[in-house]
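Q: Following this message is one structure expressed as structure tokens.
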Amino acid sequence: LPQRTKRIMAGQTFWWGDEAVSMRLIPFCMAFGACVNAALVACTPSSGVQASFGGPILVTLFWLHGYYNAVGAQISVKLDPRLATLPQEAQTQAHLVKDRSLYNTLEQGVPFLVLLWLMAVFVDTALATSLGFSYAALRLLYPLAYAWYGQFSMLNEIITQPNYQVLAYFKMSLALYSVGSSAEAFLPTDVGTRFAAAFALFFALNIVDEAILWNLPGKLAANWNLVANKNKFSKKGE
């Protein structure tokens, strides 16, 4: 994945400031995602598992539409004669943008599709559909967000943070199902309080997922990787 570092490209500024990715703005992206997703949870009546899976089928087709748009964008850049007229550094960046737009969609698509259908088949078909559409709609915009500034930026974070929340909610719901419980047992039924509780839940899931679960044992693997290669190539240079 693109590193979330404070990159400042020569002569380039963004509507939120000078940093392409600002860590202090990540909580706002998380809050935006929590608002959208909590509203869907609050306004989607719990259906349980339905006999028809038309909703998840449409979500899957919608996601595939976004996937093939990412493929189309990649091919269009490759075939565009303007690419050869760009400076080498600009060509390299253009290739990076088109490739990462597609690869990120693929990387995140595997857990999304698996969790979407597990959620629809075992937990709640209607909620899987509404949150699934939210995920797929934002994901459709991912290549556009990447291309707007020609690099990874906060525009991508506005999309990825809500997406991560959907995946985290699906995982939580399935984990609760596996022990004979559900999120419905903890969420209020009144729309207003349900929204507030769901907002807090999505925000908390976002933090737990990225700050804790992603790093067990991922952080250890990253550290071993860096240490091992540092030692390996340091010895070669001696």
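Within each chain, counting starts at residue 1; across the structure tokens, chains are named A, B, ... in the order shown, with ligands numbered 1 upward in that order.
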Using only C-alpha atoms, determine which residues lie at most 10 Å from Tyr169 of chain A, disregarding the query and same-chain residues fewer than 2 positions distant; provide the list as a PDB file with N, CA and C atoms, in the first residue's frame.

A:
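Listed below is the output, result-v2.pdb:
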```pdb
ATOM      1  N   ASN A  37     -21.973   5.427   7.402  1.00  0.00           N
ATOM      2  CA  ASN A  37     -22.300   4.045   7.726  1.00  0.00           C
ATOM      3  C   ASN A  37     -23.318   3.936   8.860  1.00  0.00           C
ATOM      4  N   LEU A 115     -16.613 -11.149   2.835  1.00  0.00           N
ATOM      5  CA  LEU A 115     -17.377 -10.700   4.001  1.00  0.00           C
ATOM      6  C   LEU A 115     -18.800 -10.298   3.628  1.00  0.00           C
ATOM      7  N   MET A 119     -21.892 -12.150   5.357  1.00  0.00           N
ATOM      8  CA  MET A 119     -22.845 -11.311   6.085  1.00  0.00           C
ATOM      9  C   MET A 119     -24.266 -11.520   5.555  1.00  0.00           C
ATOM     10  N   ALA A 128     -26.259  -6.110   4.838  1.00  0.00           N
ATOM     11  CA  ALA A 128     -25.148  -6.412   3.943  1.00  0.00           C
ATOM     12  C   ALA A 128     -25.300  -5.648   2.633  1.00  0.00           C
ATOM     13  N   LEU A 131     -24.827  -1.523   3.389  1.00  0.00           N
ATOM     14  CA  LEU A 131     -23.415  -1.212   3.638  1.00  0.00           C
ATOM     15  C   LEU A 131     -22.550  -1.615   2.451  1.00  0.00           C
ATOM     16  N   TYR A 164     -12.969   0.710   5.213  1.00  0.00           N
ATOM     17  CA  TYR A 164     -12.441  -0.130   6.290  1.00  0.00           C
ATOM     18  C   TYR A 164     -13.483  -0.346   7.377  1.00  0.00           C
ATOM     19  N   GLN A 165     -14.286   0.671   7.645  1.00  0.00           N
ATOM     20  CA  GLN A 165     -15.321   0.548   8.673  1.00  0.00           C
ATOM     21  C   GLN A 165     -16.363  -0.500   8.286  1.00  0.00           C
ATOM     22  N   VAL A 166     -16.744  -0.518   7.019  1.00  0.00           N
ATOM     23  CA  VAL A 166     -17.712  -1.514   6.561  1.00  0.00           C
ATOM     24  C   VAL A 166     -17.154  -2.922   6.763  1.00  0.00           C
ATOM     25  N   LEU A 167     -15.902  -3.118   6.356  1.00  0.00           N
ATOM     26  CA  LEU A 167     -15.283  -4.433   6.516  1.00  0.00           C
ATOM     27  C   LEU A 167     -15.183  -4.816   7.990  1.00  0.00           C
ATOM     28  N   LYS A 171     -16.922  -8.027   9.873  1.00  0.00           N
ATOM     29  CA  LYS A 171     -16.133  -8.976  10.663  1.00  0.00           C
ATOM     30  C   LYS A 171     -16.692  -9.101  12.077  1.00  0.00           C
ATOM     31  N   MET A 172     -17.016  -7.969  12.694  1.00  0.00           N
ATOM     32  CA  MET A 172     -17.584  -7.995  14.042  1.00  0.00           C
ATOM     33  C   MET A 172     -18.902  -8.746  14.061  1.00  0.00           C
ATOM     34  N   SER A 173     -19.768  -8.470  13.087  1.00  0.00           N
ATOM     35  CA  SER A 173     -21.085  -9.112  13.024  1.00  0.00           C
ATOM     36  C   SER A 173     -20.957 -10.617  12.862  1.00  0.00           C
ATOM     37  N   LEU A 174     -20.019 -11.044  12.038  1.00  0.00           N
ATOM     38  CA  LEU A 174     -19.817 -12.474  11.817  1.00  0.00           C
ATOM     39  C   LEU A 174     -19.226 -13.138  13.050  1.00  0.00           C
ATOM     40  N   ALA A 175     -18.317 -12.426  13.738  1.00  0.00           N
ATOM     41  CA  ALA A 175     -17.751 -12.970  14.972  1.00  0.00           C
ATOM     42  C   ALA A 175     -18.831 -13.138  16.029  1.00  0.00           C
ATOM     43  N   ALA A 183     -25.048  -7.792  16.577  1.00  0.00           N
ATOM     44  CA  ALA A 183     -24.943  -6.370  16.900  1.00  0.00           C
ATOM     45  C   ALA A 183     -26.299  -5.802  17.284  1.00  0.00           C
ATOM     46  N   ALA A 198     -24.316   3.675  16.648  1.00  0.00           N
ATOM     47  CA  ALA A 198     -23.620   3.107  15.491  1.00  0.00           C
ATOM     48  C   ALA A 198     -22.429   3.964  15.091  1.00  0.00           C
ATOM     49  N   LEU A 201     -19.700   3.154  17.380  1.00  0.00           N
ATOM     50  CA  LEU A 201     -19.227   1.799  17.092  1.00  0.00           C
ATOM     51  C   LEU A 201     -18.315   1.777  15.869  1.00  0.00           C
ATOM     52  N   PHE A 202     -18.746   2.428  14.787  1.00  0.00           N
ATOM     53  CA  PHE A 202     -17.925   2.452  13.569  1.00  0.00           C
ATOM     54  C   PHE A 202     -16.585   3.150  13.822  1.00  0.00           C
ATOM     55  N   LEU A 205     -14.465   0.754  15.887  1.00  0.00           N
ATOM     56  CA  LEU A 205     -14.006  -0.371  15.067  1.00  0.00           C
ATOM     57  C   LEU A 205     -12.866   0.043  14.147  1.00  0.00           C
ATOM     58  N   ASN A 206     -12.963   1.248  13.598  1.00  0.00           N
ATOM     59  CA  ASN A 206     -11.927   1.789  12.732  1.00  0.00           C
ATOM     60  C   ASN A 206     -10.578   1.819  13.459  1.00  0.00           C
ATOM     61  N   ASP A 209      -9.374  -1.860  14.468  1.00  0.00           N
ATOM     62  CA  ASP A 209      -8.959  -2.621  13.289  1.00  0.00           C
ATOM     63  C   ASP A 209      -7.579  -2.182  12.803  1.00  0.00           C
TER      64      ASP A 209
END
```

Q: As a list in words, please: the residues near Thr129 of chain A (cut-off 10 Å, only C-alpha atoms, same-chain neighbours under 6 positions excluded).

A: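 Using only C-alpha atoms, the neighbours found are Thr44, Phe53, Gly54, Gly55, Pro56, Ile57, Leu58, Val59, Thr60, Leu116, Trp117, Met119, Ala120 and Tyr135 of chain A.
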
Q: Grab the residues selected above and save them as a PDB file, in the first residue's frame with C-alpha atoms.

A:
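Saved to again.pdb:
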```
ATOM      1  CA  THR A  44     -31.964  -0.101   7.394  1.00  0.00           C
ATOM      2  CA  PHE A  53     -30.187 -12.462  -2.391  1.00  0.00           C
ATOM      3  CA  GLY A  54     -30.977  -9.945  -5.110  1.00  0.00           C
ATOM      4  CA  GLY A  55     -29.471  -7.100  -3.066  1.00  0.00           C
ATOM      5  CA  PRO A  56     -26.016  -8.657  -2.563  1.00  0.00           C
ATOM      6  CA  ILE A  57     -26.018  -9.760  -6.207  1.00  0.00           C
ATOM      7  CA  LEU A  58     -26.557  -6.145  -7.306  1.00  0.00           C
ATOM      8  CA  VAL A  59     -23.823  -4.982  -4.903  1.00  0.00           C
ATOM      9  CA  THR A  60     -21.433  -7.529  -6.400  1.00  0.00           C
ATOM     10  CA  LEU A 116     -20.309  -9.290   1.993  1.00  0.00           C
ATOM     11  CA  TRP A 117     -21.625 -12.744   1.146  1.00  0.00           C
ATOM     12  CA  MET A 119     -22.845 -11.311   6.085  1.00  0.00           C
ATOM     13  CA  ALA A 120     -25.723 -11.703   3.622  1.00  0.00           C
ATOM     14  CA  TYR A 135     -18.577   0.406   0.064  1.00  0.00           C
TER      15      TYR A 135
END
```

Q: Would you mind writing down, as a ChimeraX atom specification, each residue of segment 39-224 of chain A that DSSP on the backbone assigns to alpha helix (DSSP H)?

A: /A:39-43,54-79,88-122,125-140,142-148,154-178,191-207,218-224

Q: Env of segment 83-97 of chain A: 7 Å cut, atoms = only C-alpha atoms, seq-sep filter 3 positions within chain, self excluded. Answer as a ChimeraX atom specification.

A: /A:77,80,100-101,146-147,150-151

Q: Write the residues of the preceding selection, restricted to N, CA and C atoms, as an mmCIF file, in the first residue's frame.

A:
```cif
data_model
loop_
_atom_site.group_PDB
_atom_site.id
_atom_site.type_symbol
_atom_site.label_atom_id
_atom_site.label_comp_id
_atom_site.auth_asym_id
_atom_site.auth_seq_id
_atom_site.Cartn_x
_atom_site.Cartn_y
_atom_site.Cartn_z
ATOM 1 N N VAL A 77 -4.448 4.849 -19.820
ATOM 2 C CA VAL A 77 -3.183 5.564 -19.611
ATOM 3 C C VAL A 77 -2.080 4.933 -20.445
ATOM 4 N N ASP A 80 -2.600 5.970 -24.143
ATOM 5 C CA ASP A 80 -2.708 7.393 -24.448
ATOM 6 C C ASP A 80 -1.376 7.928 -24.988
ATOM 7 N N ARG A 100 -1.708 1.412 -8.893
ATOM 8 C CA ARG A 100 -2.161 1.324 -7.514
ATOM 9 C C ARG A 100 -3.683 1.465 -7.411
ATOM 10 N N SER A 101 -4.285 2.248 -8.304
ATOM 11 C CA SER A 101 -5.747 2.367 -8.302
ATOM 12 C C SER A 101 -6.399 1.008 -8.529
ATOM 13 N N TYR A 146 -7.410 9.173 -6.692
ATOM 14 C CA TYR A 146 -5.966 8.993 -6.867
ATOM 15 C C TYR A 146 -5.445 9.879 -8.004
ATOM 16 N N ALA A 147 -6.243 9.989 -9.059
ATOM 17 C CA ALA A 147 -5.798 10.704 -10.255
ATOM 18 C C ALA A 147 -5.914 12.218 -10.128
ATOM 19 N N GLY A 150 -2.780 13.307 -8.954
ATOM 20 C CA GLY A 150 -1.699 12.511 -9.508
ATOM 21 C C GLY A 150 -0.880 11.802 -8.458
ATOM 22 N N GLN A 151 -1.449 11.559 -7.283
ATOM 23 C CA GLN A 151 -0.762 10.854 -6.211
ATOM 24 C C GLN A 151 -1.752 10.489 -5.110
#
```

Q: From the set A:Thr105, A:Asn223, A:Ser76, A:Ser153, which residue has the shortest atom-to-atom contact distance to Trp16 of chain A, counting only C-alpha atoms?

A: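 Using only C-alpha atoms, the shortest distance to Trp16 of chain A belongs to A:Ser153.
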
Q: Expressed in Å to a single decimal, how great is the separation between atom CA of Leu106 of chain A and atom CA of Trp224 of chain A?

A: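 Rounded to one decimal, the two atoms are 26.4 Å apart.
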
Q: Grab the atom CA of Thr193 of chain A to atom CA of Pro45 of chain A distance for me, in Å with one decimal place.

A: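 Interatomic distance here is 14.5 Å.
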
Q: Which is closer to Leu155 of chain A than all the others in A:Asp99, A:Glu184, A:Glu19, A:Asp190, using only C-alpha atoms?

A: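 Of A:Asp99, A:Glu184, A:Glu19, A:Asp190, the one nearest Leu155 of chain A, counting only C-alpha atoms, is A:Glu19.
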